[in-house]
Amino acid sequence: MSYYISPRFLDKLAVHITKNFLKISNLRVPLILGIHGRKGEGKTFQCELVFEKLGFEPVTISGGELESPDAGDPSRLIRLRYREASEQTRVRGQMCALFINDIDAGAGRFDSGTQYTVNTQLVNATLMNIADNPTNVQLPGSYDATPLQRIPIIVTGNDFSTLYAPLIRDGRMEKFYWEPIPEERVEIVEGIFQQELLKQDIVKLVEEFPEQSIDFFSALRSRIYDEQIQRFIHQVGIEQISKRIVNSTEKPPEFKNPNFSFSHLLEMGHQMVKEQQRIKELRLVEEYNQYRIFHPEVTQPQPPSNSVQPPANYTQKTHLPYNPIMPPHRFDSKVSAVMQGDSKGSTFISEGQAVTTKLSLDVLEQIEQILEAGYRVGLEYADPRRFKTGSWKSCSIIDSSHHSEIMAAIEACLSENPNDYVRLIGIDTQAKRRVIETIIQRPNGSN
Ligand SMILES: Nc1ncnc2c1ncn2[C@@H]1O[C@H](COP(=O)(O)OP(=O)(O)OP(=O)(O)O)[C@@H](O)[C@H]1O
């Protein structure tokens, strides 16, 4: 069974390419086809499948090649490759295309606030120029009067709004937004699993991960092989594995079809989703670190400057932004009374029950403030060496608003890392930023 190509994708590409090779009088055809959409949905992969079906190899440029320390290099490269594609058509007597992958990564700007570099301006201008004069594309320093074969240009990208607007105007670029519909997703995933799963399981798998792009399912299939490869590495020995695989006289290792059971796939899929969530959490760190780079004098994130200023008598015990609707308070909303509390531990009444914890009253207060403000509690730890470089590890993200569960997780983290620094973090999941960071444990004798 071969990979699935969506018929509408195939048609769009085939029509665009063919139309550009036909000479229809009184018809102006846009030279560029821009395929855009979410990352990992198969824009590049399907283009390659279509080129293969059409029976030619395109001349390719990747977005990364469109930046260079020497302004002018990328635009020269585009002209050169375009001429190469034209020559290929002439010599081989077949269609060809110039295929620019992830164009927005090279020729776009980061956001509306940043400027185009000289490189990106030249790239955009060159593409516009080729789109307007496709049979007259010259290299700097030489002039060739013979008209070239017109070559369609296919570009892929995620966000074309970052490109120079005149380049994407309809006369120059035909746009195709690619987002597979549910039926197409099922067909594509079926192609990825090449008869290893029943159709009904494929449907369930796709439904289980509705937010995931096609790329996820392909990575999931590859993940299933990990267990066998891990076993193989253990068998050979980690020190020998390089020699065994590269330049070996033995025949390459063979792996039997792994366990593609539906339940196993689901388990692996959920593991991958968790890892994606970790990356999202890590972005918080990135944001925080950037804040620190630009504000080295500040040790904690501060409230945004347009927030309501606290009254004069407001004492900021934590670094939560001042919230005028919910002033800072003692540890007493869900928890009705603190019976005893100091730095070694506390006992309090929660929902009518006496609860004893090793956490200090200070820590309890901070948890309460984080929860009351609607934020999430997180924990990180670092050994003294990592602490010095500010490289913290995530201990456990506490996805709960129950005091008892949160306290249990914090206590567990403290006892698992007795010789490390441990810090409590409050996370504003909506704004994806940290609102509090406070160290709640230090290794013996350090400060
Ligand atoms: N029709 C398909 N059949 C099988 N696998 C596919 C198909 N489409 C996509 N994939 C898988 O998804 C992966 C990602 O696809 P691809 O790189 O084409 O996405 P993209 O939309 O170009 O992403 P980006 O915008 O990030 O460049 C491919 O490497 C391939 O493994």
# chains A, B, ... in the order shown; residues from 1 in each chain; ligands from 1
$ closest_atom_pairs --of "chain A" --to "ligand 1" --cutoff "9 Å" --atoms "only C-alpha atoms and all ligand atoms" --output "tab-separated table"
residue	atom	partner	partner_atom_place_in_ligand_line	distance
A:Ser2	CA	ligand 1	3 (N)	8.4
A:Tyr3	CA	ligand 1	3 (N)	4.7
A:Tyr4	CA	ligand 1	1 (N)	4.8
A:Ile5	CA	ligand 1	1 (N)	5.1
A:Ser6	CA	ligand 1	1 (N)	7.2
A:Ile35	CA	ligand 1	21 (O)	8.9
A:His36	CA	ligand 1	25 (O)	7.5
A:Gly37	CA	ligand 1	25 (O)	6.8
A:Arg38	CA	ligand 1	25 (O)	6.0
A:Lys39	CA	ligand 1	25 (O)	3.5
A:Gly40	CA	ligand 1	23 (O)	3.4
A:Glu41	CA	ligand 1	21 (O)	3.9
A:Gly42	CA	ligand 1	18 (O)	3.2
A:Lys43	CA	ligand 1	21 (O)	3.8
A:Thr44	CA	ligand 1	18 (O)	3.5
A:Phe45	CA	ligand 1	18 (O)	3.5
A:Gln46	CA	ligand 1	1 (N)	5.4
A:Cys47	CA	ligand 1	18 (O)	7.7
A:Glu48	CA	ligand 1	18 (O)	8.4
A:Leu49	CA	ligand 1	1 (N)	8.0
A:Asn101	CA	ligand 1	27 (O)	7.1
A:Asp102	CA	ligand 1	27 (O)	5.7
A:Thr156	CA	ligand 1	22 (O)	6.9
A:Gly157	CA	ligand 1	25 (O)	5.6
A:Asn158	CA	ligand 1	25 (O)	5.3
A:Trp178	CA	ligand 1	21 (O)	8.1
A:Glu179	CA	ligand 1	21 (O)	8.9
A:Glu184	CA	ligand 1	1 (N)	9.0
A:Arg185	CA	ligand 1	1 (N)	8.6
A:Glu187	CA	ligand 1	1 (N)	8.3
A:Ile188	CA	ligand 1	1 (N)	5.0
A:Val189	CA	ligand 1	4 (C)	6.7
A:Glu190	CA	ligand 1	3 (N)	8.4
A:Gly191	CA	ligand 1	3 (N)	5.7
A:Ile192	CA	ligand 1	4 (C)	4.7
A:Phe193	CA	ligand 1	4 (C)	8.5
A:Ser213	CA	ligand 1	12 (O)	7.7
A:Ile214	CA	ligand 1	12 (O)	4.9
A:Asp215	CA	ligand 1	12 (O)	3.5
A:Phe216	CA	ligand 1	12 (O)	7.1
A:Phe217	CA	ligand 1	11 (C)	7.4
A:Ser218	CA	ligand 1	31 (O)	4.8
A:Ala219	CA	ligand 1	31 (O)	7.0
$ residues_around --residues "Phe99 (chain A)" --least-positions-apart "5" --cutoff "10 Å" --atoms "only C-alpha atoms" --output "MDAnalysis selection string"
chainID A and resid 32:33 44 47:48 57:62 81:82 85 152:156
$ write_last_selection --atoms "all heavy atoms" --output "compact mmCIF listing (two decimals), in the first residue's frame"
# COMPACT_ATOMS: atom_id res chain seq x y z
N ILE A 32 3.24 31.47 -9.38
CA ILE A 32 3.53 30.86 -8.07
C ILE A 32 2.27 30.24 -7.47
O ILE A 32 1.19 30.85 -7.52
CB ILE A 32 4.10 31.92 -7.09
CG1 ILE A 32 5.28 32.67 -7.74
CG2 ILE A 32 4.55 31.29 -5.77
CD1 ILE A 32 5.82 33.83 -6.94
N LEU A 33 2.42 29.04 -6.91
CA LEU A 33 1.32 28.46 -6.11
C LEU A 33 1.81 28.43 -4.67
O LEU A 33 2.85 27.82 -4.36
CB LEU A 33 0.99 27.04 -6.60
CG LEU A 33 0.01 26.27 -5.71
CD1 LEU A 33 -1.38 26.91 -5.72
CD2 LEU A 33 -0.12 24.80 -6.16
N THR A 44 4.59 19.67 2.44
CA THR A 44 5.79 19.29 1.70
C THR A 44 5.71 17.84 1.23
O THR A 44 6.02 17.52 0.08
CB THR A 44 7.02 19.45 2.63
OG1 THR A 44 6.93 20.72 3.25
CG2 THR A 44 8.31 19.32 1.87
N CYS A 47 3.41 17.34 -1.66
CA CYS A 47 3.96 17.94 -2.90
C CYS A 47 4.94 16.94 -3.52
O CYS A 47 4.92 16.71 -4.73
CB CYS A 47 4.71 19.24 -2.59
SG CYS A 47 3.64 20.65 -2.34
N GLU A 48 5.80 16.37 -2.65
CA GLU A 48 6.79 15.43 -3.19
C GLU A 48 6.12 14.21 -3.82
O GLU A 48 6.55 13.71 -4.85
CB GLU A 48 7.76 15.01 -2.08
CG GLU A 48 8.81 16.09 -1.87
CD GLU A 48 9.52 16.03 -0.54
OE1 GLU A 48 9.26 15.09 0.23
OE2 GLU A 48 10.33 16.94 -0.28
N GLU A 57 11.49 15.49 -11.06
CA GLU A 57 12.09 15.94 -9.80
C GLU A 57 12.15 17.45 -9.82
O GLU A 57 12.74 18.03 -10.76
CB GLU A 57 13.52 15.42 -9.71
CG GLU A 57 13.68 14.27 -8.76
CD GLU A 57 15.11 13.80 -8.76
OE1 GLU A 57 16.00 14.61 -8.48
OE2 GLU A 57 15.31 12.61 -9.09
N PRO A 58 11.60 18.12 -8.85
CA PRO A 58 11.66 19.58 -8.88
C PRO A 58 13.04 20.06 -8.45
O PRO A 58 13.82 19.30 -7.88
CB PRO A 58 10.62 19.98 -7.83
CG PRO A 58 10.66 18.86 -6.84
CD PRO A 58 10.94 17.62 -7.63
N VAL A 59 13.34 21.31 -8.74
CA VAL A 59 14.56 21.92 -8.20
C VAL A 59 14.13 22.59 -6.90
O VAL A 59 13.16 23.35 -6.87
CB VAL A 59 15.15 22.93 -9.20
CG1 VAL A 59 16.33 23.66 -8.58
CG2 VAL A 59 15.57 22.21 -10.46
N THR A 60 14.84 22.25 -5.82
CA THR A 60 14.34 22.66 -4.49
C THR A 60 15.22 23.73 -3.83
O THR A 60 16.43 23.71 -3.98
CB THR A 60 14.28 21.41 -3.58
OG1 THR A 60 13.49 20.42 -4.25
CG2 THR A 60 13.66 21.70 -2.24
N ILE A 61 14.55 24.60 -3.10
CA ILE A 61 15.26 25.56 -2.22
C ILE A 61 14.55 25.47 -0.88
O ILE A 61 13.32 25.42 -0.83
CB ILE A 61 15.13 27.02 -2.74
CG1 ILE A 61 15.70 27.16 -4.14
CG2 ILE A 61 15.82 27.98 -1.77
CD1 ILE A 61 15.63 28.59 -4.68
N SER A 62 15.33 25.45 0.19
CA SER A 62 14.63 25.44 1.48
C SER A 62 14.72 26.83 2.10
O SER A 62 15.63 27.61 1.79
CB SER A 62 15.22 24.38 2.41
OG SER A 62 16.26 24.94 3.15
N ARG A 81 18.66 28.71 -9.50
CA ARG A 81 17.86 27.46 -9.47
C ARG A 81 16.70 27.51 -10.46
O ARG A 81 16.32 26.49 -11.02
CB ARG A 81 17.33 27.23 -8.04
CG ARG A 81 18.41 27.06 -6.99
CD ARG A 81 18.66 25.59 -6.66
NE ARG A 81 19.88 25.42 -5.92
CZ ARG A 81 19.97 25.31 -4.60
NH1 ARG A 81 18.88 25.33 -3.86
NH2 ARG A 81 21.12 25.15 -4.01
N TYR A 82 16.14 28.69 -10.65
CA TYR A 82 15.04 28.81 -11.62
C TYR A 82 15.56 28.46 -13.01
O TYR A 82 14.94 27.68 -13.76
CB TYR A 82 14.46 30.24 -11.59
CG TYR A 82 13.29 30.42 -12.50
CD1 TYR A 82 12.00 30.14 -12.07
CD2 TYR A 82 13.46 30.85 -13.82
CE1 TYR A 82 10.90 30.29 -12.92
CE2 TYR A 82 12.38 31.01 -14.68
CZ TYR A 82 11.10 30.72 -14.22
OH TYR A 82 10.02 30.86 -15.06
N ALA A 85 16.08 24.75 -13.34
CA ALA A 85 14.82 24.01 -13.59
C ALA A 85 14.43 24.15 -15.05
O ALA A 85 13.97 23.19 -15.69
CB ALA A 85 13.74 24.55 -12.67
N PRO A 152 6.85 26.75 -13.31
CA PRO A 152 5.98 27.08 -12.17
C PRO A 152 6.76 27.02 -10.85
O PRO A 152 7.68 26.21 -10.72
CB PRO A 152 4.90 26.00 -12.20
CG PRO A 152 5.47 24.90 -13.02
CD PRO A 152 6.44 25.50 -13.97
N ILE A 153 6.42 27.90 -9.94
CA ILE A 153 7.08 27.91 -8.63
C ILE A 153 6.05 27.50 -7.59
O ILE A 153 4.95 28.05 -7.53
CB ILE A 153 7.64 29.32 -8.30
CG1 ILE A 153 8.62 29.78 -9.40
CG2 ILE A 153 8.31 29.35 -6.93
CD1 ILE A 153 9.18 31.17 -9.20
N ILE A 154 6.44 26.52 -6.77
CA ILE A 154 5.53 26.08 -5.70
C ILE A 154 6.20 26.48 -4.38
O ILE A 154 7.35 26.12 -4.15
CB ILE A 154 5.35 24.54 -5.69
CG1 ILE A 154 5.14 23.98 -7.10
CG2 ILE A 154 4.23 24.11 -4.73
CD1 ILE A 154 3.91 24.41 -7.81
N VAL A 155 5.50 27.21 -3.54
CA VAL A 155 6.08 27.55 -2.24
C VAL A 155 5.17 27.04 -1.14
O VAL A 155 3.94 27.00 -1.28
CB VAL A 155 6.30 29.08 -2.08
CG1 VAL A 155 7.20 29.63 -3.16
CG2 VAL A 155 5.00 29.85 -2.04
N THR A 156 5.78 26.58 -0.04
CA THR A 156 4.97 26.16 1.10
C THR A 156 5.35 27.04 2.29
O THR A 156 6.45 27.59 2.35
CB THR A 156 5.20 24.69 1.50
OG1 THR A 156 6.54 24.57 2.01
CG2 THR A 156 5.02 23.74 0.36
$ closest_residue --among "A:Gly106, A:Gly374, A:Gly269, A:Pro74" --to "Asp159 (chain A)" --atoms "only C-alpha atoms"
A:Gly106
$ closest_residue --among "A:Asp383, A:Glu207, A:Glu405, A:Glu372" --to "Gly426 (chain A)" --atoms "only C-alpha atoms"
A:Glu372
$ residues_around --residues "Gln441 (chain A)" --least-positions-apart "3" --cutoff "9 Å" --atoms "only C-alpha atoms" --output "list of chain:residue names"
A:Leu414, A:Pro418, A:Asn419, A:Asp420, A:Tyr421, A:Val422, A:Arg423
$ write_last_selection --atoms "C-alpha atoms" --output "JSON list (two decimals), in the first residue's frame"
[["chain", "number", "residue", "atom", "x", "y", "z"],
["A", 414, "LEU", "CA", 10.88, 17.82, 48.83],
["A", 418, "PRO", "CA", 16.44, 16.52, 49.98],
["A", 419, "ASN", "CA", 19.80, 17.97, 48.91],
["A", 420, "ASP", "CA", 18.47, 20.24, 46.19],
["A", 421, "TYR", "CA", 16.94, 23.65, 45.90],
["A", 422, "VAL", "CA", 13.19, 23.42, 45.35],
["A", 423, "ARG", "CA", 11.07, 26.33, 44.20]]
$ closest_residue --among "A:Gln276, A:Gln149, A:Ala71, A:Glu174" --to "Gly93 (chain A)" --atoms "only C-alpha atoms"
A:Gln149
$ closest_residue --among "A:Leu66, A:Ile427, A:His270, A:Leu197" --to "Gln212 (chain A)" --atoms "only C-alpha atoms"
A:His270
$ residues_around --residues "Arg150 (chain A)" --least-positions-apart "6" --cutoff "10 Å" --atoms "only C-alpha atoms" --output "JSON, numbers by chain"
{"A": [20, 21, 22, 31, 82, 83, 85, 86, 89, 96, 97, 130, 131, 133, 134, 135, 136, 137]}
$ write_last_selection --atoms "C-alpha atoms" --output "short mmCIF file (atom, residue, chain, number, x, y, z; two decimals), in the first residue's frame"
data_model
loop_
_atom_site.label_atom_id
_atom_site.label_comp_id
_atom_site.auth_asym_id
_atom_site.auth_seq_id
_atom_site.Cartn_x
_atom_site.Cartn_y
_atom_site.Cartn_z
CA ASN A 20 1.92 26.91 -16.51
CA PHE A 21 3.27 24.68 -19.27
CA LEU A 22 0.29 25.19 -21.56
CA LEU A 31 3.43 31.60 -11.80
CA TYR A 82 15.04 28.81 -11.62
CA ARG A 83 17.34 28.72 -14.65
CA ALA A 85 14.82 24.01 -13.59
CA SER A 86 14.28 25.61 -16.97
CA THR A 89 12.94 20.85 -18.82
CA CYS A 96 9.84 20.71 -13.84
CA ALA A 97 9.08 23.12 -10.98
CA ILE A 130 10.36 36.31 -11.89
CA ALA A 131 6.57 36.05 -11.53
CA ASN A 133 8.92 38.00 -16.36
CA PRO A 134 9.18 34.21 -16.15
CA THR A 135 10.97 33.80 -19.47
CA ASN A 136 13.60 36.43 -18.82
CA VAL A 137 15.48 35.60 -15.63
#
$ select_by_dssp --residues "region 144-233 of chain A" --states "alpha helix (DSSP H)" --output "number ranges by chain"
A: 182-192, 199-208, 214-224, 226-233
$ atom_distance --atom1 "CA of Gln195 (chain A)" --atom2 "CA of Gln271 (chain A)"
23.4 Å
$ atom_distance --atom1 "CA of Phe160 (chain A)" --atom2 "CA of Gly34 (chain A)"
8.3 Å
$ atom_distance --atom1 "CA of Ala373 (chain A)" --atom2 "CA of Cys413 (chain A)"
23.4 Å
